[in-house]
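Enquirer: This is the structure I have questions about; it appears just below.
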Amino acid sequence: MKPRVRHTTLLPLILLVLFSLAVSVSCSQDNLYLHYALKAAGKNKSELKAVLRHYRTVDRDPDKLRAAKYLIANMPAHNSYRDTAAINSYYRKALEILGTGPSPDWQRDTLRQISDREFAGITRNIISDVEVMTSDYLIYSIDHAFCQWRTKPWAKHLTYEQFRDWILPYKVTELQSLDAWRDTLSAHYSDSLSTIPATDYERNTIYGAIEIARNEIHTKQSAIGHRVMWEDRGSIPMRSAATWVRMTYGSCMDYVIMGTAVFRSLGFPAAVDQVPCWGRNSEGHSWYVFLDDRGREQITINSLILGAGMQFYPYECIPKVWRNTYTINRNLVKYRNTAKYVYPFELCQQDVTERYNLTSDLVIETIREQTAKLKDRKYVYISMAVNSDGPQWRVLDYGTLKRGKALFRNMGRNMLYIALGYDGHSLIPISHPFILHKSGKIEYINNQDYSSGDSLKTISMDLRRKYYESYNVVDMRRRLLGGKLQCSDSSEFKDALTLYTIEDTEIPYLIELDADHPYRYWRYLTPNGSWGSISELSFHDENGNKLTGKGIANPEAGQDAIDRAYDGNLLSNFEINQPDGNWVGLDMGKPTVVRYASVSPRSDDNDICPGNEYELFCFDGQGWRSLGYQVAEGNTLHYEGIPLNTLLWVRNYTRGNNERPFIVKENGDIEWW
């Protein structure tokens, strides 16, 4: 039966006010949610009631009736585009562009221009599904899902509750087209499953079958030249079955949503999990998770590229993980209806942080003078520091305020947090920043009082970075140890004179050289086992001016590798496909006096860079206070009078986005958060 969708021009109802009832999971509460959903449907109530009548009188399946009630009861929280004609027109244009043109980037840019020029504002014009859902479509979707559950060998063992949460919903994401996506996707991506004998053991397990399907998705996507995009903004996202099978670009979330829709269409129990931002990063991530035959949740790490089984990001700190569900989070409904300030939490997300990380329920000491300013004395917010055009506090979850304590649940450990409250205008700090250590211990960062007039405890420091060092950055810096700066009158560097050997990873920006006379050939000889591994090399005269010449290197290095040592890009690298015997240098064309050399390790481009403009901030308990600007003269920034036991943050105004807060200890060590 081909599904149909009702079109309407009615304004969306303010649905959430209909749910102002006590939070409960009882059957009576379920019935109340169903009652209010039917009421919210307005003129579309007859379509939804027709579904219930169908499963009471035509298809008398008690589980299908139960499923229909569940879907309708939670439907007010889910939305579609109001102007279906416009979005379908956009998707038709997208199908003309996808898979054509020079690259996925060109396709993305072209569709972005079409989005901005012809469909501006369409994503803000939405309507609740209860107002547009047709009986035909909902019956089609329920019947298809039940058929997969009851007939597929990898799904028949699932309980009703598992089926309901992981397969049943008629959509995987908001604004998804109410089309025949289950038929379209299951037909397009079932080739591999259909060619494997039904008696094959692995094919009859969820893990084995989902891996077969995932490989087919990845193969077919690769055949049309797909690419994962990291840009902040693309075109209107692909949310229809027809565009999914042709999708050549998208974010991690786009591909995870598409993959999850494919899996559910085939009867695999799958869901989408996401972290809003990593604990040491301002960016988030999403992935799919599925239930295996033993009822365990199998976690993937990288959209559809890799299968389950790899360790999940072992080095990342995780503050919160949310699962995108169809079920309305009734605690959030209560919060939305009673809070004086409402943060836009997703209404159908479930907190699953404890399944990924050690977590703690927190009781946080608040600052009395700050809580006295609050207009909402019931709800408070826990936040982490992120870079959003400078240091900002990003809300992760809400909690409650009781007897001067801020209470939060299920927070990931090894993280820096702060508690905020609403003063009638904005969210303000109501606690000192604090570290929740791996052990569960809370350590407050008691910022010194800038207004008291008392002298502050300070220290001087040299700052080499604006972001913490990953293991890879540390390893690349160590690859400089033992490297030599040499000169020679011979292009083969016979009888080369060694002027400097790198013995410390904290090398100066300009390394002073003292040759006995001018030499034509100058080089950096990389240590054995380093594979070359530098980012930039330069030679300078006595005034610090950069000298030019012809790039040279050992015969195994191609011209591209040589050019990368002199291109001024700290994210491109001179590196050779052999561990030993590598070098790179300059032929000056004639004997030349070289006074200084500069060697930059391969890195993430978060080192202090000469010529870049920086500003240092400290958190003074109210906000981020500037401690002044500097233009870096070398590869360090020197500061005097830096307050101890205070959150600090250094901004680079020239380039780069990776910045994190840090604390300077009394011994001068820097602790990054």
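For the structure tokens, the naming scheme is as follows: chains receive sequential letters (A, B, ...) according to their order of presentation, residues are indexed from 1 within each chain, and ligands are indexed from 1 in presentation order.
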Find the residues around region 144-153 of chain A up to 6 Å (only C-alpha atoms counted), leave out those fewer than 3 positions away in its own chain, and share them as an NGL selection string.
Expert: :A and (141 or 156 or 168 or 204 or 267)
Enquirer: At a cut-off of 10 Å, using only C-alpha atoms, what residues contact Val599 (chain A)? Leave out same-chain residues fewer than 4 positions from it and give the result as a list in words.
Expert: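 So, after excluding close chain neighbours, the residues are Leu480, Gly483, Leu485, Ile502, Ile507, Pro508, Tyr509, Leu510, Ile511, Tyr524, Ile534, Ser535, Glu536, Leu537, Ser538, Phe539 and Ala565 of chain A.
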Enquirer: Emit the selected residues as a PDB file, in the first residue's frame, including C-alpha atoms.
Expert:
ATOM      1  CA  LEU A 480      63.536  15.958  16.732  1.00  0.00           C
ATOM      2  CA  GLY A 483      68.567  15.913  14.836  1.00  0.00           C
ATOM      3  CA  LEU A 485      71.993  21.217  11.736  1.00  0.00           C
ATOM      4  CA  ILE A 502      68.864  18.975  19.259  1.00  0.00           C
ATOM      5  CA  ILE A 507      64.137  24.246  21.297  1.00  0.00           C
ATOM      6  CA  PRO A 508      64.249  28.017  20.659  1.00  0.00           C
ATOM      7  CA  TYR A 509      62.518  29.463  17.635  1.00  0.00           C
ATOM      8  CA  LEU A 510      65.856  30.688  16.228  1.00  0.00           C
ATOM      9  CA  ILE A 511      68.759  28.301  16.855  1.00  0.00           C
ATOM     10  CA  TYR A 524      68.764  19.474   8.830  1.00  0.00           C
ATOM     11  CA  ILE A 534      59.337  17.961  10.441  1.00  0.00           C
ATOM     12  CA  SER A 535      56.845  20.631   9.471  1.00  0.00           C
ATOM     13  CA  GLU A 536      59.009  23.629   8.523  1.00  0.00           C
ATOM     14  CA  LEU A 537      62.693  24.451   8.083  1.00  0.00           C
ATOM     15  CA  SER A 538      64.255  27.878   7.556  1.00  0.00           C
ATOM     16  CA  PHE A 539      67.674  29.527   7.627  1.00  0.00           C
ATOM     17  CA  ALA A 565      59.287  21.832   4.342  1.00  0.00           C
TER      18      ALA A 565
END
Enquirer: DSSP says helix (DSSP H, G or I) for which residues of region 166-392 of chain A? Put them as a ChimeraX atom specification?
Expert: /A:166,181-188,191-195,202-204,206-223,241-244,252-265,330-338,353-355,368-371
Enquirer: What is the CA of Ser439 (chain A)-CA of Trp672 (chain A) distance in Å, reported with one decimal?
Expert: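 One can read the CA of Ser439 (chain A) to CA of Trp672 (chain A) distance as 18.0 Å.
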Enquirer: Quick one: everything within 10 Å of Gln221 (chain A), counting only C-alpha atoms, minus sequence neighbours fewer than 2 positions away in the same chain. Send it as a PyMOL selection string.
Expert: chain A and resi 215-219+223-227+244-249+304
Enquirer: Store the residues picked out above, limited to C-alpha atoms, as a short mmCIF file (atom, residue, chain, number, x, y, z; two decimals), in the first residue's frame.
Expert:
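Contents of the output file selection_15.cif:
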data_model
loop_
_atom_site.label_atom_id
_atom_site.label_comp_id
_atom_site.auth_asym_id
_atom_site.auth_seq_id
_atom_site.Cartn_x
_atom_site.Cartn_y
_atom_site.Cartn_z
CA ASN A 215 29.92 -3.02 4.14
CA GLU A 216 27.40 -2.78 1.32
CA ILE A 217 26.45 0.77 2.36
CA HIS A 218 30.10 1.77 2.52
CA THR A 219 30.90 0.14 -0.84
CA ALA A 223 31.30 4.11 -5.60
CA ILE A 224 29.52 7.46 -5.92
CA GLY A 225 32.41 9.36 -4.31
CA HIS A 226 31.06 10.18 -0.87
CA ARG A 227 32.88 12.41 1.58
CA TRP A 244 19.95 9.03 1.07
CA VAL A 245 20.75 6.42 -1.57
CA ARG A 246 22.40 9.14 -3.69
CA MET A 247 24.08 11.10 -0.87
CA THR A 248 27.68 12.02 -1.72
CA TYR A 249 28.48 14.31 1.19
CA LEU A 304 29.78 3.76 8.65
#
Enquirer: From a DSSP pass on the backbone, collect the residues of region 217-407 of chain A flagged as strand (DSSP E or B) and hand them back as a PyMOL selection string.
Expert: chain A and resi 227-228+249-250+270-275+285-291+297-299+322-324+349-351+359-365+379-387+391-402+405-407
Enquirer: Please list as a VMD selection string every residue within 9 Å of Ile442 (chain A), counting only C-alpha atoms and excluding residues in the same chain fewer than 4 positions away.
Expert: chain A and resid 362 364 434 to 437
Enquirer: Store the residues picked out above in a file with C-alpha atoms, as an mmCIF file, in the first residue's frame.
Expert:
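What follows is the written file result-v8.cif:
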data_model
loop_
_atom_site.group_PDB
_atom_site.id
_atom_site.type_symbol
_atom_site.label_atom_id
_atom_site.label_comp_id
_atom_site.auth_asym_id
_atom_site.auth_seq_id
_atom_site.Cartn_x
_atom_site.Cartn_y
_atom_site.Cartn_z
ATOM 1 C CA LEU A 362 27.218 15.601 42.173
ATOM 2 C CA ILE A 364 28.179 21.109 44.462
ATOM 3 C CA PHE A 434 35.576 22.472 39.716
ATOM 4 C CA ILE A 435 37.320 19.343 38.513
ATOM 5 C CA LEU A 436 35.563 16.010 38.812
ATOM 6 C CA HIS A 437 38.532 13.660 38.988
#
Enquirer: Using only C-alpha atoms, which of A:Gln622, A:Thr592, A:Gln559, A:Thr110 sits nearest Leu98 (chain A)?
Expert: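 Going through A:Gln622, A:Thr592, A:Gln559, A:Thr110 one by one, the smallest distance to Leu98 (chain A) is for A:Thr110.
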Enquirer: Between A:Ala308, A:Met238, A:Ile167, A:Val51, single out the one closest to Ser115 (chain A), counting only C-alpha atoms.
Expert: A:Met238
Enquirer: Would you pick out the contacts of Val289 (chain A) at 12 Å or less, using only C-alpha atoms, so that residues sharing its chain but fewer than 2 positions from it are not included, and give the list as a VMD selection string?
Expert: chain A and resid 166 206 to 207 210 256 to 257 259 to 260 263 to 264 268 to 274 286 to 287 291 to 292 295 to 304 307 to 309 312 322 to 324 352 355 to 356
Enquirer: Go through A:Lys441, A:His35, A:His425, A:Gly390 and flag the residue nearest Asn652 (chain A), using only C-alpha atoms for the distances.
Expert: A:Gly390
Enquirer: Using only C-alpha atoms, pick whichever of A:Cys618, A:Asp376, A:Tyr313, A:Phe163 has the shortest atom-to-atom distance to Tyr335 (chain A).
Expert: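 Checking each candidate against Tyr335 (chain A), we get A:Asp376 as the closest.
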